[in-house]
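Contents: one structure, followed by commentary.
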Amino acid sequence: MGCYVLGAFALTYRLWADPAGQMVAGNAGDINLFSWFMRDVATAVSHGHLPALVTTGLNAPQGINLMWNTSELLPGVVLAPVTLLAGPQTSLNVLLTVGFAGSAASLFLVLRRWDVSVIPAAIGGAVYGFSPALITSGIGHFQLEFAVLPPLIIHMVLRLVTGRGHALRTGLYLGLLTAAQVFIGEELLVDTAVAAAVILVVLVVTQPRAAIEAVTSRARAVAMAAGLGIAAAVALVICAYPLWVQFRGPLHEHGSPWDVPTFHSYLYGFVTPSGSLLFHTSASAFKALHYPEPLPEYLAYVGWPLLIVALVAAVAFWRDPKVRLAALTFVILEWFTLGAVTVTSGGTRYPAALLPAAYAFDHYTHIRADLFPPRGPLPGPPPPSDELRLVPALDWIEAALPQQNAGVLAALSGPVRISVTGPGARTIQVGRGEPVAEVSSDAPALVRWITQRGDWEQLGVKPCGDQRELGLVAQLKVF
């Protein structure tokens, strides 16, 4: 624990030269807002009451709904004496420092409770509490940097579903922790809930027998339900009115003020350190500087060394259910962070869901068209071209066709329609309106001619339309 505290002070030591006047550079707007929240909460406490959930002290005369903001109500109340004595910026620097050390200590304690030995647990706590994501969140996103409670919440959930400990007491702790996190940061609470759901799904899939036993055992099922019921009841009693104010009270929001789909990770972000990290190069810092979102949103970085260590450990200890659970959960959660737009081909971005289709297309094309007759060196018939293999390949063709052929399509006088027959049958039309050219082809032939691995006559493709337009259509290519 002492090492975590020393590490936290090593990260923030410059702030402690003048804690009331120094703040982390790079996000003054958010930090000033948090400072106002801290002062507002402390003022309320000094007058003997809890802070109002709606205030006109900001954005007057309309005011703001504090539950719709990252108002850090619980830390504000706990640190009110510090704010009143030394100022709100001092409280934020305390919160930042405790966030690093406390997050590390939290995971360390959880790992120890799950029978992890001291040194691995200490390393796990350090990797979590001083992770690049938390360090970057420290640039003005205190509600994310103070990640002390998520490990404890997931710990309580796992205790309930695995039957460890007293169910009612565990449910009580879970309810209190959940309620506390509501008043620290709801965004991180949602992230924690998603992580817990993924962990539970992975547990059910990888250990179905244990899952069935837990559900069919009346005593365990009743205890689990009772614990979850207590947790929900406690959280509801504490949070019901604040949540009503947030969603139904004055100045409540409708939807999100942000363009939510733009907030996602990019593949290069996993291995490209930003300038806010100690081990970076000028090239990596330059690339990170041009990240589509501000630096405090650059949360994906893990780094090649840690990725390699994690991969080796997962392979070497795959039979250990805890390792298997951690590895699969990590992969799924990182996949989730990619959001809707991550696949890049030829400078164009595609929905992340198409990434498997791109690999299937590449796999299908090279094996059948390049390795087996008539073009390839291997003798004998190629693998089957059935619906299972063709559908994802056609999905990629349909998505990539307009993106990768902008020049050809611009030269056409109108839309093109491709009628695909056989396995994966569909109609692909590029452009709106009445087509100026139409091509009919079975699916295997389409894959060959659209990749320029065969001409229409050889493949039995049936073109229809103006010869000039068809000549342009024949130039279409997908890779």
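Numbering starts fresh at 1 for the residues of each chain in the structure tokens, the chains themselves are lettered A, B, ... in the order given, and ligands are numbered from 1 as they appear.
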For range 467-475 of chain A, work out the shell of residues within 10 Å, counting only C-alpha atoms and skipping chain neighbours fewer than 2 positions away, then give it as a tab-separated table (two decimals) with C-alpha atoms, in the first residue's frame.
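Produced file part10.tsv, reproduced below:
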chain	number	residue	atom	x	y	z
A	405	ASN	CA	-14.43	2.61	-56.68
A	408	VAL	CA	-15.22	4.54	-61.74
A	409	LEU	CA	-18.65	5.21	-60.27
A	411	ALA	CA	-17.64	8.24	-64.57
A	412	LEU	CA	-20.90	6.28	-64.87
A	413	SER	CA	-24.00	8.17	-65.93
A	414	GLY	CA	-26.16	6.42	-63.32
A	415	PRO	CA	-26.47	3.58	-60.80
A	416	VAL	CA	-25.23	0.00	-61.27
A	417	ARG	CA	-27.12	-3.10	-60.21
A	418	ILE	CA	-25.46	-6.47	-59.58
A	436	VAL	CA	-27.85	2.31	-66.39
A	437	ALA	CA	-26.11	-1.07	-66.30
A	438	GLU	CA	-26.95	-4.44	-64.78
A	439	VAL	CA	-24.82	-7.52	-64.27
A	449	TRP	CA	-14.44	-10.86	-61.39
A	450	ILE	CA	-14.83	-8.16	-58.74
A	451	THR	CA	-11.23	-8.93	-57.66
A	452	GLN	CA	-10.08	-8.90	-61.32
A	455	ASP	CA	-13.32	-11.95	-67.13
A	456	TRP	CA	-17.06	-12.05	-67.58
A	463	PRO	CA	-24.14	-8.10	-68.58
A	464	CYS	CA	-27.00	-5.87	-69.71
A	465	GLY	CA	-26.93	-2.20	-70.69
A	477	LYS	CA	-12.49	-3.87	-58.11
Contact check, range 192-266 of chain A to range 320-330 of chain A, at most 9 Å, counting only C-alpha atoms, closest pairs as JSON lines:
{"residue": "A:Ala195", "atom": "CA", "partner": "A:Thr329", "partner_atom": "CA", "distance": 7.7}
{"residue": "A:Val198", "atom": "CA", "partner": "A:Thr329", "partner_atom": "CA", "distance": 6.4}
{"residue": "A:Ile199", "atom": "CA", "partner": "A:Thr329", "partner_atom": "CA", "distance": 6.0}
{"residue": "A:Val202", "atom": "CA", "partner": "A:Leu325", "partner_atom": "CA", "distance": 6.5}
{"residue": "A:Leu203", "atom": "CA", "partner": "A:Leu325", "partner_atom": "CA", "distance": 6.8}
{"residue": "A:Thr206", "atom": "CA", "partner": "A:Leu325", "partner_atom": "CA", "distance": 8.0}
{"residue": "A:Gln207", "atom": "CA", "partner": "A:Pro321", "partner_atom": "CA", "distance": 8.5}
Residues of the last selection are to be written out with C-alpha atoms, as a short mmCIF file (atom, residue, chain, number, x, y, z; two decimals), in the first residue's frame.
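Contents of selection_6.cif, freshly written:
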data_model
loop_
_atom_site.label_atom_id
_atom_site.label_comp_id
_atom_site.auth_asym_id
_atom_site.auth_seq_id
_atom_site.Cartn_x
_atom_site.Cartn_y
_atom_site.Cartn_z
CA ALA A 195 -17.77 -5.23 -17.49
CA VAL A 198 -19.36 -9.54 -19.79
CA ILE A 199 -17.64 -11.38 -16.94
CA VAL A 202 -17.93 -15.47 -20.06
CA LEU A 203 -18.34 -17.45 -16.84
CA THR A 206 -16.75 -21.26 -20.19
CA GLN A 207 -18.16 -23.03 -17.12
#
*Would you list the contacts of range 211-219 of chain A as a list in words, taking every protein, DNA or RNA residue within 8 Å and counting only C-alpha atoms, but skipping same-chain residues closer than 5 positions in sequence?*
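Result of the neighbour search: Val161, Thr162, Leu203 and Val204 of chain A.
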Can you write just those residues out, N, CA and C atoms, as a PDB file, in the first residue's frame?
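See again-v1.pdb below for the written result:
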ATOM      1  N   VAL A 161     -22.825 -14.356  -7.120  1.00  0.00           N
ATOM      2  CA  VAL A 161     -23.141 -15.386  -8.115  1.00  0.00           C
ATOM      3  C   VAL A 161     -22.366 -16.680  -7.871  1.00  0.00           C
ATOM      4  N   THR A 162     -21.254 -16.597  -7.154  1.00  0.00           N
ATOM      5  CA  THR A 162     -20.493 -17.814  -6.873  1.00  0.00           C
ATOM      6  C   THR A 162     -20.795 -18.398  -5.496  1.00  0.00           C
ATOM      7  N   LEU A 203     -18.283 -16.379 -17.829  1.00  0.00           N
ATOM      8  CA  LEU A 203     -18.344 -17.454 -16.837  1.00  0.00           C
ATOM      9  C   LEU A 203     -19.354 -18.528 -17.250  1.00  0.00           C
ATOM     10  N   VAL A 204     -20.518 -18.096 -17.697  1.00  0.00           N
ATOM     11  CA  VAL A 204     -21.554 -19.057 -18.090  1.00  0.00           C
ATOM     12  C   VAL A 204     -21.100 -19.877 -19.294  1.00  0.00           C
TER      13      VAL A 204
END
Could you pull the residues within 9 Å of range 389-402 of chain A, counting only C-alpha atoms, minus those fewer than 5 positions along the same chain, as a compact mmCIF listing (two decimals) with C-alpha atoms, in the first residue's frame?
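Once written, out-v3.txt looks like this:
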# COMPACT_ATOMS: atom_id res chain seq x y z
CA SER A 345 -9.12 -0.01 -45.91
CA THR A 348 -11.83 4.54 -45.74
CA TYR A 350 -16.01 0.83 -42.14
CA LEU A 354 -17.40 -5.84 -40.91
CA LEU A 355 -13.91 -6.73 -39.71
CA PRO A 356 -14.68 -10.50 -39.65
CA ALA A 357 -16.26 -10.17 -43.11
CA ALA A 358 -13.09 -8.54 -44.44
CA TYR A 359 -11.00 -11.43 -43.15
CA ALA A 360 -13.49 -13.97 -44.54
CA PHE A 361 -13.38 -12.28 -47.94
CA ASP A 362 -9.59 -12.26 -47.96
CA HIS A 363 -9.40 -15.89 -46.81
CA TYR A 364 -12.02 -17.08 -49.34
CA THR A 365 -10.48 -15.23 -52.28
CA PRO A 384 -16.42 -25.67 -51.05
CA LEU A 409 -18.65 5.21 -60.27
CA PRO A 423 -25.41 -19.09 -52.11
CA GLY A 424 -25.74 -15.69 -50.46
CA ALA A 425 -28.05 -14.45 -53.23
CA ARG A 426 -28.79 -10.72 -53.11
CA ILE A 428 -26.28 -5.01 -54.83
CA GLN A 429 -27.06 -1.57 -56.22
CA VAL A 430 -24.66 1.32 -56.10
CA GLY A 431 -26.49 4.62 -56.39
CA ALA A 443 -21.68 -15.59 -56.06
CA PRO A 444 -18.38 -17.46 -56.70
CA LEU A 446 -18.71 -12.37 -58.56
CA VAL A 447 -15.86 -12.83 -56.11
CA ILE A 450 -14.83 -8.16 -58.74
CA LEU A 476 -14.84 -2.29 -60.64
CA LYS A 477 -12.49 -3.87 -58.11
CA VAL A 478 -12.73 -4.77 -54.44
CA PHE A 479 -9.75 -5.72 -52.29
Can you pull out the residues contacting Ala44 in chain A? Cut-off 12 Å, using only C-alpha atoms, and skip same-chain residues under 3 positions away; I want them as a short mmCIF file (atom, residue, chain, number, x, y, z; two decimals) with N, CA and C atoms, in the first residue's frame.
data_model
loop_
_atom_site.label_atom_id
_atom_site.label_comp_id
_atom_site.auth_asym_id
_atom_site.auth_seq_id
_atom_site.Cartn_x
_atom_site.Cartn_y
_atom_site.Cartn_z
N PHE A 37 -17.71 22.94 -8.83
CA PHE A 37 -18.56 21.94 -8.16
C PHE A 37 -18.08 21.71 -6.72
N MET A 38 -16.77 21.59 -6.55
CA MET A 38 -16.23 21.36 -5.21
C MET A 38 -16.58 22.52 -4.27
N ARG A 39 -16.44 23.74 -4.77
CA ARG A 39 -16.75 24.90 -3.95
C ARG A 39 -18.24 24.96 -3.63
N ASP A 40 -19.10 24.63 -4.59
CA ASP A 40 -20.55 24.67 -4.38
C ASP A 40 -20.97 23.66 -3.31
N VAL A 41 -20.44 22.44 -3.40
CA VAL A 41 -20.79 21.41 -2.42
C VAL A 41 -20.28 21.81 -1.03
N HIS A 47 -23.11 25.30 5.43
CA HIS A 47 -24.38 25.83 5.94
C HIS A 47 -25.26 24.74 6.54
N GLY A 48 -24.71 23.55 6.71
CA GLY A 48 -25.38 22.49 7.43
C GLY A 48 -26.37 21.68 6.62
N HIS A 49 -26.22 21.65 5.30
CA HIS A 49 -27.14 20.83 4.50
C HIS A 49 -26.40 20.26 3.29
N LEU A 50 -27.03 19.28 2.67
CA LEU A 50 -26.44 18.68 1.48
C LEU A 50 -26.63 19.61 0.28
N PRO A 51 -25.79 19.48 -0.74
CA PRO A 51 -25.90 20.38 -1.89
C PRO A 51 -27.20 20.17 -2.65
N ALA A 52 -27.75 21.25 -3.19
CA ALA A 52 -28.94 21.15 -4.03
C ALA A 52 -28.58 20.42 -5.33
N LEU A 53 -29.55 19.68 -5.85
CA LEU A 53 -29.32 18.93 -7.09
C LEU A 53 -29.59 19.77 -8.33
N THR A 55 -29.23 23.96 -9.42
CA THR A 55 -28.72 25.24 -8.93
C THR A 55 -28.72 26.29 -10.04
N GLY A 57 -26.61 28.79 -9.54
CA GLY A 57 -25.31 29.40 -9.30
C GLY A 57 -24.40 29.33 -10.52
N LEU A 73 -20.54 14.73 -6.38
CA LEU A 73 -21.21 15.14 -5.14
C LEU A 73 -20.62 14.45 -3.91
N GLY A 76 -17.15 15.67 -3.16
CA GLY A 76 -17.28 17.06 -2.71
C GLY A 76 -17.66 17.15 -1.26
N VAL A 77 -18.58 16.26 -0.81
CA VAL A 77 -18.99 16.26 0.60
C VAL A 77 -17.86 15.78 1.49
N ALA A 80 -15.16 18.38 1.74
CA ALA A 80 -15.61 19.74 2.06
C ALA A 80 -14.70 20.45 3.07
N PRO A 81 -14.23 19.77 4.13
CA PRO A 81 -13.32 20.47 5.05
C PRO A 81 -12.04 20.95 4.36
N THR A 83 -11.74 21.67 1.16
CA THR A 83 -12.10 22.78 0.27
C THR A 83 -12.26 24.07 1.06
N LEU A 84 -12.92 24.01 2.21
CA LEU A 84 -13.14 25.21 3.01
C LEU A 84 -11.85 25.76 3.60
#
*Could you name the residues that touch range 98-103 of chain A at 12 Å or less, counting only C-alpha atoms, but leaving out those on the same chain fewer than 2 positions away, as a PyMOL selection string?*
chain A and resi 1-12+75+79+91-96+105-110+122+124-138+141-152+184
*asked:* Just to confirm, what's the straight-line distance from CA of Val24 in chain A to CA of Ser274 in chain A in Å (one decimal)?
replied: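 Interatomic distance, CA of Val24 in chain A to CA of Ser274 in chain A: 15.7 Å.
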So that I can see what lies close to Val194 in chain A, please list as a CSV table (one decimal) with N, CA and C atoms, in the first residue's frame the residues with an atom at most 12 Å from it, counting only C-alpha atoms and leaving out residues fewer than 5 positions away in the same chain.
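Output (part06.csv):
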chain,number,residue,atom,x,y,z
A,150,PRO,N,-15.1,0.5,-8.8
A,150,PRO,CA,-15.4,-0.6,-9.7
A,150,PRO,C,-14.9,-2.0,-9.4
A,153,ILE,N,-17.1,-3.3,-6.6
A,153,ILE,CA,-18.5,-3.6,-7.1
A,153,ILE,C,-18.5,-5.0,-7.8
A,154,ILE,N,-17.5,-5.2,-8.7
A,154,ILE,CA,-17.5,-6.5,-9.4
A,154,ILE,C,-17.2,-7.6,-8.5
A,187,GLU,N,-21.0,7.6,-15.3
A,187,GLU,CA,-20.3,7.0,-16.5
A,187,GLU,C,-19.5,5.8,-16.2
A,188,LEU,N,-18.7,5.9,-15.1
A,188,LEU,CA,-17.9,4.8,-14.7
A,188,LEU,C,-18.7,3.6,-14.1
A,189,LEU,N,-19.9,4.0,-13.5
A,189,LEU,CA,-20.8,2.9,-13.0
A,189,LEU,C,-21.4,2.1,-14.2
A,199,ILE,N,-18.3,-10.4,-17.8
A,199,ILE,CA,-17.6,-11.4,-16.9
A,199,ILE,C,-18.6,-12.5,-16.7
A,200,LEU,N,-19.9,-12.2,-16.4
A,200,LEU,CA,-20.8,-13.2,-16.1
A,200,LEU,C,-21.2,-14.1,-17.3
A,201,VAL,N,-21.2,-13.4,-18.5
A,201,VAL,CA,-21.5,-14.2,-19.7
A,201,VAL,C,-20.3,-15.1,-20.0
A,329,THR,N,-12.5,-11.7,-21.2
A,329,THR,CA,-13.1,-10.4,-20.8
A,329,THR,C,-12.4,-9.2,-21.4
A,332,ILE,N,-13.0,-8.9,-25.2
A,332,ILE,CA,-14.4,-8.5,-25.5
A,332,ILE,C,-14.6,-7.0,-25.2
A,333,LEU,N,-14.1,-6.6,-24.0
A,333,LEU,CA,-14.2,-5.2,-23.6
A,333,LEU,C,-13.4,-4.3,-24.5
A,334,GLU,N,-12.2,-4.7,-24.9
A,334,GLU,CA,-11.4,-3.9,-25.9
A,334,GLU,C,-12.1,-3.8,-27.2
A,336,PHE,N,-15.4,-3.8,-27.6
A,336,PHE,CA,-16.5,-2.9,-27.4
A,336,PHE,C,-16.0,-1.4,-27.5
A,337,THR,N,-14.8,-1.2,-27.1
A,337,THR,CA,-14.3,0.2,-27.1
A,337,THR,C,-14.1,0.7,-28.6
_DSSP-assigned alpha helix (DSSP H) among range 105-302 of chain A, expressed as a ChimeraX atom specification_ = /A:105-113,118-129,132-137,142-145,149-162,167-182,186-206,208-216,218-248,282-289
_Given only C-alpha atoms as the basis, pick out the residue of A:Leu378, A:Ala20, A:Leu228, A:Ala193 nearest to Leu85 in chain A._
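Checking each candidate against Leu85 in chain A, we get A:Ala20 as the closest.
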*What is the distance, in Å and to one decimal place, between CA of Pro305 in chain A and CA of Phe286 in chain A?*
20.6 Å
*Could you tell me how far CA of Ala221 in chain A lies from CA of Ile238 in chain A, in Å and to one decimal?*
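Rounded to one decimal, the two atoms are 26.0 Å apart.
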*asked:* Using only C-alpha atoms, can you tell me which of A:Leu66, A:Leu307, A:Arg453, A:Tyr13 comes closest to Gly249 in chain A?
replied: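 Smallest distance to Gly249 in chain A is found for A:Leu66.
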_Residue among A:Gly63, A:Leu306, A:Ala104, A:Leu295 lying closest to Gly26 in chain A, counting only C-alpha atoms_ =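 Between A:Gly63, A:Leu306, A:Ala104, A:Leu295, the residue approaching Gly26 in chain A most closely is A:Leu295.
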